[in-house]
file work.txt (compact mmCIF, C-alpha atoms and all ligand atoms)
# COMPACT_ATOMS: atom_id res chain seq x y z
CA MET A 1 23.59 14.81 -13.88
CA TYR A 2 20.25 13.30 -14.76
CA GLY A 3 19.90 9.78 -16.07
CA ASN A 4 16.69 10.41 -17.95
CA ALA A 5 16.08 12.86 -20.74
CA PHE A 6 12.42 13.42 -19.78
CA VAL A 7 13.21 14.83 -16.38
CA ASP A 8 12.88 18.46 -15.59
CA PRO A 9 15.54 19.01 -12.89
CA ASP A 10 13.48 21.94 -11.55
CA GLU A 11 10.80 19.44 -10.46
CA TRP A 12 13.17 17.91 -7.94
CA LYS A 13 14.43 21.28 -6.71
CA LYS A 14 10.81 22.35 -6.09
CA LEU A 15 10.05 19.07 -4.33
CA LYS A 16 13.10 19.45 -2.12
CA LYS A 17 11.88 22.86 -1.03
CA GLY A 18 8.55 21.24 -0.07
CA ASP A 19 6.37 22.74 -2.83
CA LYS A 20 2.85 22.60 -1.38
CA THR A 21 1.00 24.15 -4.38
CA PRO A 22 -2.33 22.31 -4.65
CA GLU A 23 -2.60 19.86 -7.54
CA ASP A 24 -4.93 20.50 -10.47
CA PRO A 25 -8.04 18.42 -9.49
CA VAL A 26 -8.80 17.48 -13.12
CA LYS A 27 -5.26 16.18 -13.70
CA LEU A 28 -5.34 14.42 -10.35
CA GLU A 29 -8.57 12.62 -11.20
CA ALA A 30 -7.26 11.56 -14.63
CA PHE A 31 -4.05 10.31 -12.98
CA GLN A 32 -5.93 8.18 -10.44
CA ALA A 33 -8.22 6.83 -13.18
CA LYS A 34 -5.17 5.79 -15.21
CA ILE A 35 -3.74 3.96 -12.22
CA ASP A 36 -7.10 2.32 -11.47
CA ARG A 37 -7.20 1.03 -15.08
CA GLY A 38 -3.86 -0.65 -14.41
CA GLU A 39 -1.88 1.52 -16.85
CA LYS A 40 1.75 2.36 -16.20
CA ILE A 41 3.00 5.84 -15.35
CA GLU A 42 6.14 6.80 -17.28
CA PRO A 43 8.69 9.53 -16.43
CA SER A 44 7.35 11.94 -19.08
CA ASP A 45 3.74 11.65 -17.77
CA TRP A 46 2.17 14.18 -15.47
CA MET A 47 2.23 12.98 -11.85
CA PRO A 48 1.29 14.57 -8.51
CA LYS A 49 4.22 15.95 -6.52
CA GLU A 50 3.51 13.55 -3.66
CA TYR A 51 3.56 10.53 -6.00
CA ARG A 52 6.98 11.65 -7.26
CA ARG A 53 8.27 12.34 -3.74
CA GLN A 54 7.04 9.00 -2.38
CA LEU A 55 8.49 7.05 -5.29
CA ILE A 56 11.86 8.74 -4.96
CA ARG A 57 11.89 7.95 -1.21
CA MET A 58 10.99 4.31 -1.71
CA ILE A 59 13.10 3.51 -4.80
CA GLU A 60 16.09 5.38 -3.36
CA GLN A 61 15.76 3.40 -0.12
CA HIS A 62 15.55 0.20 -2.15
CA ALA A 63 18.65 1.13 -4.21
CA ASN A 64 20.55 1.94 -1.01
CA SER A 65 19.49 -1.44 0.39
CA GLU A 66 20.99 -3.27 -2.58
CA LEU A 67 24.22 -1.29 -2.33
CA ILE A 68 24.65 -1.70 1.42
CA GLY A 69 23.11 -5.19 1.26
CA ALA A 70 26.16 -6.42 -0.65
CA LEU A 71 28.34 -5.80 2.41
CA PRO A 72 27.35 -8.50 4.95
CA GLU A 73 27.85 -11.27 2.36
CA GLY A 74 30.77 -9.43 0.77
CA THR A 75 32.75 -9.83 3.98
CA TRP A 76 32.54 -13.62 3.44
CA ILE A 77 34.03 -13.73 -0.08
CA THR A 78 37.51 -14.45 1.26
CA ARG A 79 36.22 -17.03 3.75
CA ALA A 80 33.56 -18.88 1.71
CA PRO A 81 33.89 -22.65 2.18
CA GLY A 82 35.29 -23.95 -1.09
CA PHE A 83 35.87 -22.68 -4.60
CA LYS A 84 32.31 -23.13 -5.91
CA ARG A 85 30.70 -21.27 -3.02
CA LYS A 86 33.30 -18.52 -3.36
CA MET A 87 32.52 -18.10 -7.08
CA ALA A 88 28.78 -18.05 -6.36
CA ILE A 89 29.04 -15.45 -3.61
CA ILE A 90 31.28 -13.21 -5.72
CA ALA A 91 28.71 -13.33 -8.54
CA LYS A 92 25.84 -12.68 -6.14
CA VAL A 93 27.50 -9.66 -4.55
CA GLN A 94 28.18 -8.24 -8.03
CA ASP A 95 24.52 -8.78 -8.94
CA GLU A 96 23.39 -6.82 -5.86
CA ILE A 97 25.48 -3.83 -6.94
CA GLY A 98 23.93 -4.18 -10.41
CA HIS A 99 20.48 -4.04 -8.78
CA ALA A 100 21.48 -0.84 -7.03
CA GLN A 101 22.49 0.59 -10.44
CA LEU A 102 19.12 -0.31 -11.98
CA LEU A 103 17.24 1.20 -9.07
CA TYR A 104 19.29 4.41 -8.91
CA ASN A 105 18.48 4.79 -12.64
CA ALA A 106 14.77 4.32 -11.92
CA ALA A 107 14.90 6.91 -9.10
CA GLU A 108 16.89 9.31 -11.31
CA SER A 109 14.07 9.16 -13.86
CA LEU A 110 12.02 11.06 -11.25
CA GLY A 111 14.54 13.89 -11.04
CA LYS A 112 16.84 13.26 -8.07
CA SER A 113 20.46 12.83 -9.10
CA ARG A 114 22.50 9.78 -8.14
CA VAL A 115 25.10 12.00 -6.49
CA ALA A 116 22.39 13.56 -4.29
CA MET A 117 21.14 10.06 -3.39
CA LEU A 118 24.60 8.80 -2.46
CA ASN A 119 25.23 11.95 -0.42
CA ASP A 120 21.96 11.44 1.46
CA LEU A 121 22.92 7.82 2.12
CA MET A 122 26.30 8.84 3.53
CA SER A 123 24.86 11.60 5.71
CA GLY A 124 22.27 9.20 7.15
CA LYS A 125 19.37 11.22 5.70
CA ALA A 126 18.22 8.40 3.43
CA LYS A 127 17.39 4.99 4.80
CA TYR A 128 18.16 1.44 3.72
CA SER A 129 16.74 -1.88 4.83
CA ASN A 130 17.04 -2.65 8.56
CA VAL A 131 18.40 -6.16 7.90
CA PHE A 132 21.75 -4.95 6.60
CA ASN A 133 22.62 -3.38 9.93
CA TYR A 134 23.23 -6.80 11.44
CA PRO A 135 26.51 -8.71 11.15
CA ALA A 136 27.05 -11.99 9.27
CA LEU A 137 28.95 -13.66 12.09
CA THR A 138 29.35 -17.13 10.55
CA TRP A 139 28.94 -18.82 7.16
CA ALA A 140 25.50 -19.92 8.40
CA ASP A 141 24.46 -16.24 8.52
CA VAL A 142 25.36 -16.04 4.82
CA ALA A 143 23.13 -19.06 4.15
CA VAL A 144 20.26 -17.44 6.08
CA ILE A 145 20.68 -14.18 4.17
CA GLY A 146 20.88 -16.00 0.82
CA PHE A 147 17.79 -18.08 1.50
CA LEU A 148 15.55 -16.06 3.79
CA VAL A 149 16.49 -12.39 3.20
CA ASP A 150 16.49 -13.00 -0.55
CA GLY A 151 13.27 -14.98 -0.15
CA ALA A 152 11.66 -12.09 1.74
CA ALA A 153 12.89 -9.64 -0.89
CA ILE A 154 11.40 -11.74 -3.69
CA VAL A 155 8.01 -11.83 -1.95
CA ASN A 156 8.05 -8.02 -1.77
CA GLN A 157 9.48 -7.41 -5.25
CA LEU A 158 7.33 -9.87 -7.18
CA ILE A 159 4.20 -8.26 -5.77
CA ASN A 160 5.39 -4.69 -6.36
CA SER A 161 6.66 -5.45 -9.89
CA LYS A 162 3.00 -5.29 -10.93
CA GLY A 163 2.74 -1.72 -9.65
CA SER A 164 2.14 1.59 -11.40
CA TYR A 165 5.53 3.19 -12.07
CA GLY A 166 6.99 1.77 -15.30
CA PRO A 167 10.75 2.17 -14.65
CA TYR A 168 10.52 0.73 -11.10
CA CYS A 169 8.40 -2.25 -12.22
CA ARG A 170 10.72 -3.08 -15.11
CA ALA A 171 13.75 -2.89 -12.78
CA LEU A 172 11.96 -5.16 -10.26
CA LYS A 173 11.18 -7.78 -12.94
CA ARG A 174 14.81 -8.01 -13.92
CA ILE A 175 15.94 -8.05 -10.29
CA CYS A 176 13.48 -10.84 -9.42
CA ALA A 177 14.86 -13.03 -12.20
CA GLU A 178 18.35 -12.71 -10.72
CA GLU A 179 17.12 -13.00 -7.13
CA ALA A 180 15.42 -16.28 -8.02
CA PHE A 181 18.87 -17.63 -8.81
CA HIS A 182 20.32 -16.16 -5.61
CA LEU A 183 17.59 -17.97 -3.76
CA LYS A 184 18.76 -21.28 -5.22
CA GLN A 185 22.33 -20.72 -4.03
CA GLY A 186 21.02 -19.60 -0.61
CA HIS A 187 18.76 -22.64 -0.36
CA ASP A 188 21.61 -24.95 -1.35
CA ALA A 189 23.92 -23.49 1.33
CA PHE A 190 21.06 -23.59 3.88
CA VAL A 191 20.17 -27.24 3.20
CA ALA A 192 23.84 -28.27 3.17
CA LEU A 193 24.21 -26.97 6.73
CA ALA A 194 20.81 -28.25 7.89
CA THR A 195 21.67 -31.77 6.74
CA GLY A 196 25.33 -31.54 7.78
CA THR A 197 27.13 -32.40 11.02
CA PRO A 198 25.51 -31.59 14.40
CA LYS A 199 27.90 -28.62 14.67
CA GLN A 200 26.77 -27.26 11.28
CA GLN A 201 23.14 -27.77 12.24
CA SER A 202 23.52 -25.86 15.50
CA MET A 203 25.46 -23.10 13.71
CA LEU A 204 22.50 -22.73 11.31
CA GLN A 205 19.96 -22.74 14.14
CA GLU A 206 21.92 -20.00 15.93
CA ALA A 207 22.04 -17.92 12.74
CA LEU A 208 18.29 -18.36 12.25
CA ASN A 209 17.75 -17.25 15.86
CA ARG A 210 19.76 -14.08 15.16
CA TRP A 211 17.98 -13.26 11.87
CA TRP A 212 14.36 -14.14 12.65
CA ARG A 213 13.46 -10.84 14.28
CA PRO A 214 15.18 -8.62 11.67
CA LEU A 215 13.37 -10.70 9.02
CA ILE A 216 10.00 -9.92 10.57
CA HIS A 217 11.02 -6.24 10.64
CA PHE A 218 12.07 -6.41 6.95
CA PHE A 219 8.46 -6.03 5.78
CA GLY A 220 8.04 -2.79 7.71
CA PRO A 221 5.93 -1.90 10.74
CA SER A 222 2.45 -3.34 11.21
CA ASP A 223 -0.25 -1.84 8.99
CA LYS A 224 -1.50 0.18 11.99
CA GLN A 225 1.93 1.82 12.36
CA SER A 226 2.72 2.16 8.63
CA VAL A 227 2.93 5.84 7.67
CA HIS A 228 2.96 5.67 3.87
CA GLY A 229 1.22 2.35 3.23
CA GLU A 230 -2.26 3.63 2.49
CA THR A 231 -1.14 6.35 0.05
CA LEU A 232 1.26 4.01 -1.72
CA GLN A 233 -1.39 1.32 -2.09
CA ARG A 234 -3.92 3.82 -3.48
CA TRP A 235 -1.34 4.74 -6.12
CA LYS A 236 -0.41 1.08 -6.70
CA VAL A 237 3.21 1.61 -5.82
CA LYS A 238 2.83 -0.95 -3.06
CA MET A 239 0.59 -3.77 -4.25
CA ALA A 240 0.05 -5.25 -0.79
CA SER A 241 0.31 -4.01 2.80
CA ASN A 242 3.29 -4.71 5.07
CA ASP A 243 1.28 -7.26 7.09
CA ASP A 244 -0.01 -9.02 3.96
CA MET A 245 3.51 -9.40 2.57
CA ARG A 246 4.80 -10.66 5.93
CA ASN A 247 1.93 -13.16 6.01
CA LYS A 248 2.83 -14.39 2.53
CA PHE A 249 6.44 -14.84 3.63
CA PHE A 250 5.36 -16.97 6.61
CA ASP A 251 3.14 -19.04 4.31
CA GLN A 252 5.97 -19.77 1.91
CA TYR A 253 8.98 -20.06 4.21
CA VAL A 254 7.86 -21.41 7.60
CA PRO A 255 7.28 -24.91 6.12
CA LYS A 256 10.63 -24.76 4.28
CA ILE A 257 12.45 -23.90 7.52
CA THR A 258 10.79 -26.51 9.68
CA GLU A 259 11.00 -29.32 7.11
CA VAL A 260 14.80 -29.33 7.43
CA GLY A 261 14.54 -29.77 11.20
CA LEU A 262 15.04 -26.18 12.36
CA THR A 263 12.99 -24.52 15.08
CA ILE A 264 11.52 -21.07 14.53
CA PRO A 265 12.62 -19.02 17.54
CA ASP A 266 9.11 -17.81 18.36
CA PRO A 267 6.89 -20.12 20.45
CA GLU A 268 3.90 -17.87 19.74
CA LEU A 269 4.09 -18.22 15.95
CA ARG A 270 0.93 -19.88 14.65
CA LYS A 271 -1.41 -19.77 11.68
CA ASP A 272 -5.14 -19.36 12.02
CA GLU A 273 -6.18 -21.93 9.41
CA ALA A 274 -9.68 -20.43 9.10
CA THR A 275 -8.48 -16.93 8.13
CA GLY A 276 -5.01 -17.77 6.82
CA GLU A 277 -3.53 -15.13 9.17
CA TRP A 278 -0.26 -15.70 11.00
CA PHE A 279 0.24 -14.54 14.59
CA TYR A 280 3.68 -13.99 16.06
CA GLY A 281 5.24 -12.95 19.36
CA ASP A 282 6.29 -9.36 20.09
CA PRO A 283 9.08 -8.64 17.57
CA ASP A 284 10.24 -5.58 19.55
CA TRP A 285 9.33 -2.76 17.21
CA ASP A 286 11.40 -0.40 19.38
CA GLU A 287 14.48 -2.26 18.18
CA PHE A 288 13.30 -1.84 14.56
CA PHE A 289 12.86 1.93 14.92
CA ARG A 290 16.21 2.27 16.72
CA VAL A 291 18.00 0.35 13.95
CA ILE A 292 16.45 2.28 11.04
CA LYS A 293 17.26 5.56 12.79
CA GLY A 294 20.97 4.65 12.82
CA ASP A 295 21.48 2.83 16.13
CA GLY A 296 21.85 -0.80 15.02
CA PRO A 297 24.84 -3.09 15.55
CA CYS A 298 26.46 -2.29 12.18
CA ASN A 299 25.03 1.08 10.99
CA LYS A 300 28.28 2.98 11.56
CA GLU A 301 30.41 0.23 10.00
CA ARG A 302 28.20 0.07 6.87
CA LEU A 303 28.22 3.82 6.26
CA ALA A 304 31.95 3.97 6.94
CA VAL A 305 32.46 1.72 3.89
CA ARG A 306 30.51 4.16 1.70
CA HIS A 307 32.59 7.08 3.04
CA TRP A 308 35.78 5.15 2.34
CA VAL A 309 34.65 4.36 -1.21
CA ASN A 310 33.67 7.98 -1.77
CA GLU A 311 37.03 9.28 -0.59
CA ASN A 312 39.25 6.69 -2.24
CA HIS A 313 37.44 5.97 -5.49
CA GLN A 314 36.53 9.48 -6.59
CA TRP A 315 39.19 9.13 -9.29
CA VAL A 316 37.06 6.48 -11.04
CA SER A 317 34.13 8.89 -11.49
CA ASP A 318 36.54 11.64 -12.43
CA ALA A 319 38.14 9.43 -15.09
CA LEU A 320 34.72 8.59 -16.54
CA LEU A 321 32.95 11.91 -16.20
CA ARG A 322 35.68 14.56 -15.92
CA PRO A 323 38.73 13.22 -17.76
CA ASP A 324 40.15 16.78 -17.80
CA ARG A 325 40.58 16.50 -14.01
CA VAL A 326 42.61 13.28 -14.11
CA ARG A 327 46.39 13.66 -14.22
CA MET A 328 48.00 10.89 -16.28
CA VAL A 329 51.26 9.71 -14.77
CA PRO A 330 53.60 8.31 -17.43
CA LEU A 331 54.83 4.79 -16.77
CA ALA A 332 58.52 4.68 -15.91
N1 LIG B 1 14.05 -0.98 6.76
O1 LIG B 1 5.19 3.69 6.26
P1 LIG B 1 6.04 2.47 6.17
C1 LIG B 1 17.75 -7.11 -0.77
C2 LIG B 1 10.63 2.82 7.27
S1 LIG B 1 17.61 -5.40 -0.89
C3 LIG B 1 14.26 0.34 6.91
O2 LIG B 1 5.37 1.16 6.25
P2 LIG B 1 6.65 2.08 3.36
C4 LIG B 1 19.08 -7.75 -0.73
C5 LIG B 1 9.97 3.55 6.11
O3 LIG B 1 10.94 3.94 5.15
C6 LIG B 1 15.87 -5.14 -1.03
N2 LIG B 1 13.26 1.26 7.01
O4 LIG B 1 6.96 2.57 4.85
C7 LIG B 1 20.21 -7.02 -1.03
C8 LIG B 1 9.32 4.71 6.84
O5 LIG B 1 10.32 5.67 7.19
P3 LIG B 1 10.43 7.14 6.45
C9 LIG B 1 15.25 -4.45 0.15
C10 LIG B 1 12.01 0.78 6.92
O6 LIG B 1 7.63 2.69 2.47
C11 LIG B 1 21.47 -7.62 -0.88
C12 LIG B 1 8.89 4.08 8.15
O7 LIG B 1 9.70 2.94 8.35
N3 LIG B 1 13.84 -4.25 -0.15
O8 LIG B 1 16.78 -7.74 -0.69
O9 LIG B 1 5.19 2.25 3.06
C13 LIG B 1 21.59 -8.95 -0.45
C14 LIG B 1 7.42 3.68 8.15
O10 LIG B 1 7.19 2.54 7.29
C15 LIG B 1 11.72 -0.58 6.73
C16 LIG B 1 13.28 -3.03 -0.25
O11 LIG B 1 13.92 -2.02 -0.02
C17 LIG B 1 12.81 -1.48 6.66
N4 LIG B 1 12.65 -2.80 6.51
O12 LIG B 1 6.90 0.48 3.41
C18 LIG B 1 20.44 -9.67 -0.17
C19 LIG B 1 11.82 -3.00 -0.64
N5 LIG B 1 10.39 -0.75 6.68
O13 LIG B 1 10.87 6.86 5.00
C20 LIG B 1 19.17 -9.09 -0.31
C21 LIG B 1 11.32 -1.64 -1.08
C22 LIG B 1 9.84 0.48 6.84
O14 LIG B 1 9.08 7.78 6.52
N6 LIG B 1 10.61 -0.95 -0.05
N7 LIG B 1 10.81 1.39 6.99
O15 LIG B 1 11.49 7.88 7.23
C23 LIG B 1 9.35 -1.26 0.32
O16 LIG B 1 8.74 -2.18 -0.18
C24 LIG B 1 8.70 -0.40 1.38
O17 LIG B 1 9.42 0.82 1.48
C25 LIG B 1 8.66 -1.09 2.77
C26 LIG B 1 8.14 -0.05 3.81
C27 LIG B 1 7.69 -2.25 2.74
C28 LIG B 1 10.03 -1.56 3.23
call {"tool": "encode", "arguments": {"input": "work.txt", "output": "structure tokens"}}
result
Amino acid sequence: MYGNAFVDPDEWKKLKKGDKTPEDPVKLEAFQAKIDRGEKIEPSDWMPKEYRRQLIRMIEQHANSELIGALPEGTWITRAPGFKRKMAIIAKVQDEIGHAQLLYNAAESLGKSRVAMLNDLMSGKAKYSNVFNYPALTWADVAVIGFLVDGAAIVNQLINSKGSYGPYCRALKRICAEEAFHLKQGHDAFVALATGTPKQQSMLQEALNRWWRPLIHFFGPSDKQSVHGETLQRWKVKMASNDDMRNKFFDQYVPKITEVGLTIPDPELRKDEATGEWFYGDPDWDEFFRVIKGDGPCNKERLAVRHWVNENHQWVSDALLRPDRVRMVPLA
């Protein structure tokens, strides 16, 4: 099933088979010129196969991140401290699933079906953000996710919402508006703990210590190690490099973390005031690559939830899409 009427499903089949036919140089030049003029590319427009393939990879990974990203905080719905925080976290988790919907739609507009994307997620073929392979051990972890993971995501998404692919940029704009509200609830929970009892403060510091390294990894490997960065920036899919986005995050969030009395768990972190560049200690990129390849603390647990949903909730899709398959049981 394809979510967009413009899509030729054969395009995706060809891409999957690794179609290496050279692009028409005239079309390619016109395409790049359009991007350089800052115009949007829409699903019905001609696009190079590699542009389509790269966008599917990145948007699909982003959609998977929203879907799986709902899980660490979702596990805290039943244990959130107080009614108001419980209501807020329920609404936030629902929003994240809504973001996944928007992004799967945007990726579908390029020709890959949602079912194929969910299958690739479950088989481990498609990635999702490294950060969601870590556990939320305490309520303070939820505060760190709500403030700093959402903050990091906003840095990335605001920049990329000015990119070249229309459906992705429009989805990002809407997502950023909702994320800005998530950030407020994350900041509120964060500040409440930072200004709370000594026990709450140390719980928050411990959570920050756990999340700092995954947060650095969130923006992707350094520009020297980035595989797709250059191509994606040329096509204005990524509007800044991994290192530039990470730098922006440090600029915005390091002062917010330290002003509430927390210590950043990296004695080497410093800003060169002359160049504006941040330097940080070794974030162990081996750990990053291990985690994104499936060997993180929670990878198996996260995918197990998707398998469970797939097996136990198939009837919902059947009822919506194939009502002929659903057997109605009369009420006694
Ligand atoms: N995690 O060439 P590079 C949220 C992979 S959800 C995992 O630099 P690229 C939220 C990369 O895929 C929002 N993998 O890649 C939800 C590539 O591997 P493959 C999450 C990563 O694409 C719920 C390899 O490393 N945000 O905020 O140029 C609750 C080489 O990297 C990661 C997004 O998904 C990573 N962090 O740049 C709360 C943003 N980083 O595919 C919050 C959308 C790199 O060759 N994505 N890899 O096997 C992007 O902006 C870009 O894809 C990245 C990476 C900057 C992440």
call {"tool": "residues_near_ligand", "arguments": {"input": "work.txt", "ligand": "ligand LIG 1 (chain B)", "cutoff": "7 Å", "atoms": "all atoms listed in the file", "output": "ChimeraX atom specification"}}
result
/A:57-59,61-62,65-66,69-70,96,127-131,145-146,149-150,153,156-157,217-221,223,226-229,232,238,242,292
call {"tool": "residues_around", "arguments": {"input": "work.txt", "residues": "Met47 (chain A)", "least_positions_apart": "4", "cutoff": "9 Å", "atoms": "all atoms listed in the file", "output": "VMD selection string"}}
result
chain A and resid 27 to 28 31 41 43 51 to 52
call {"tool": "closest_residue", "arguments": {"input": "work.txt", "among": "A:Leu110, A:Trp46, A:Thr21, A:Pro198", "to": "Leu262 (chain A)", "atoms": "all atoms listed in the file"}}
result
A:Pro198
call {"tool": "atom_distance", "arguments": {"input": "work.txt", "atom1": "CA of Val305 (chain A)", "atom2": "CA of Arg114 (chain A)"}}
result
17.6 Å
call {"tool": "closest_residue", "arguments": {"input": "work.txt", "among": "A:Lys40, A:Ala116, A:Ala189, A:Arg306", "to": "Arg170 (chain A)", "atoms": "all atoms listed in the file"}}
result
A:Lys40
call {"tool": "closest_residue", "arguments": {"input": "work.txt", "among": "A:Ala80, A:Met117, A:Ala63, A:Val254", "to": "Leu172 (chain A)", "atoms": "all atoms listed in the file"}}
result
A:Ala63
call {"tool": "atom_distance", "arguments": {"input": "work.txt", "atom1": "CA of Asp95 (chain A)", "atom2": "CA of Glu178 (chain A)"}}
result
7.5 Å
call {"tool": "closest_residue", "arguments": {"input": "work.txt", "among": "A:Gln225, A:Gln205, A:Asn299, A:Ser317", "to": "Ile264 (chain A)", "atoms": "all atoms listed in the file"}}
result
A:Gln205
call {"tool": "build_atoms", "arguments": {"input": "work.txt", "residues": "region 81-95 of chain A", "atoms": "N, CA, C and O atoms", "output": "mmCIF file, keeping the file's coordinate frame"}}
result
data_model
loop_
_atom_site.group_PDB
_atom_site.id
_atom_site.type_symbol
_atom_site.label_atom_id
_atom_site.label_comp_id
_atom_site.auth_asym_id
_atom_site.auth_seq_id
_atom_site.Cartn_x
_atom_site.Cartn_y
_atom_site.Cartn_z
ATOM 1 N N PRO A 81 33.349 -21.283 2.139
ATOM 2 C CA PRO A 81 33.890 -22.650 2.180
ATOM 3 C C PRO A 81 33.954 -23.286 0.794
ATOM 4 O O PRO A 81 32.946 -23.782 0.293
ATOM 5 N N GLY A 82 35.097 -23.257 0.194
ATOM 6 C CA GLY A 82 35.290 -23.950 -1.090
ATOM 7 C C GLY A 82 35.180 -23.015 -2.282
ATOM 8 O O GLY A 82 34.591 -21.930 -2.215
ATOM 9 N N PHE A 83 35.760 -23.486 -3.383
ATOM 10 C CA PHE A 83 35.870 -22.680 -4.600
ATOM 11 C C PHE A 83 34.511 -22.348 -5.203
ATOM 12 O O PHE A 83 34.225 -21.207 -5.570
ATOM 13 N N LYS A 84 33.604 -23.350 -5.265
ATOM 14 C CA LYS A 84 32.310 -23.130 -5.910
ATOM 15 C C LYS A 84 31.475 -22.110 -5.140
ATOM 16 O O LYS A 84 30.842 -21.238 -5.729
ATOM 17 N N ARG A 85 31.484 -22.231 -3.820
ATOM 18 C CA ARG A 85 30.700 -21.270 -3.020
ATOM 19 C C ARG A 85 31.314 -19.875 -3.125
ATOM 20 O O ARG A 85 30.605 -18.874 -3.117
ATOM 21 N N LYS A 86 32.638 -19.826 -3.213
ATOM 22 C CA LYS A 86 33.300 -18.520 -3.360
ATOM 23 C C LYS A 86 32.885 -17.862 -4.681
ATOM 24 O O LYS A 86 32.546 -16.683 -4.717
ATOM 25 N N MET A 87 32.913 -18.644 -5.771
ATOM 26 C CA MET A 87 32.520 -18.100 -7.080
ATOM 27 C C MET A 87 31.068 -17.600 -7.033
ATOM 28 O O MET A 87 30.740 -16.537 -7.554
ATOM 29 N N ALA A 88 30.210 -18.411 -6.398
ATOM 30 C CA ALA A 88 28.780 -18.050 -6.360
ATOM 31 C C ALA A 88 28.568 -16.770 -5.568
ATOM 32 O O ALA A 88 27.798 -15.895 -5.987
ATOM 33 N N ILE A 89 29.272 -16.626 -4.451
ATOM 34 C CA ILE A 89 29.040 -15.450 -3.610
ATOM 35 C C ILE A 89 29.618 -14.192 -4.264
ATOM 36 O O ILE A 89 29.043 -13.105 -4.160
ATOM 37 N N ILE A 90 30.736 -14.364 -4.985
ATOM 38 C CA ILE A 90 31.280 -13.210 -5.720
ATOM 39 C C ILE A 90 30.249 -12.734 -6.747
ATOM 40 O O ILE A 90 29.938 -11.544 -6.853
ATOM 41 N N ALA A 91 29.681 -13.692 -7.494
ATOM 42 C CA ALA A 91 28.710 -13.330 -8.540
ATOM 43 C C ALA A 91 27.475 -12.687 -7.915
ATOM 44 O O ALA A 91 26.934 -11.702 -8.434
ATOM 45 N N LYS A 92 27.055 -13.210 -6.770
ATOM 46 C CA LYS A 92 25.840 -12.680 -6.140
ATOM 47 C C LYS A 92 26.064 -11.236 -5.676
ATOM 48 O O LYS A 92 25.239 -10.355 -5.909
ATOM 49 N N VAL A 93 27.209 -11.006 -5.049
ATOM 50 C CA VAL A 93 27.500 -9.660 -4.550
ATOM 51 C C VAL A 93 27.560 -8.669 -5.730
ATOM 52 O O VAL A 93 27.034 -7.555 -5.652
ATOM 53 N N GLN A 94 28.141 -9.115 -6.838
ATOM 54 C CA GLN A 94 28.180 -8.240 -8.030
ATOM 55 C C GLN A 94 26.756 -7.942 -8.510
ATOM 56 O O GLN A 94 26.438 -6.814 -8.890
ATOM 57 N N ASP A 95 25.911 -8.976 -8.510
ATOM 58 C CA ASP A 95 24.520 -8.780 -8.940
ATOM 59 C C ASP A 95 23.828 -7.713 -8.088
ATOM 60 O O ASP A 95 23.065 -6.890 -8.589
#
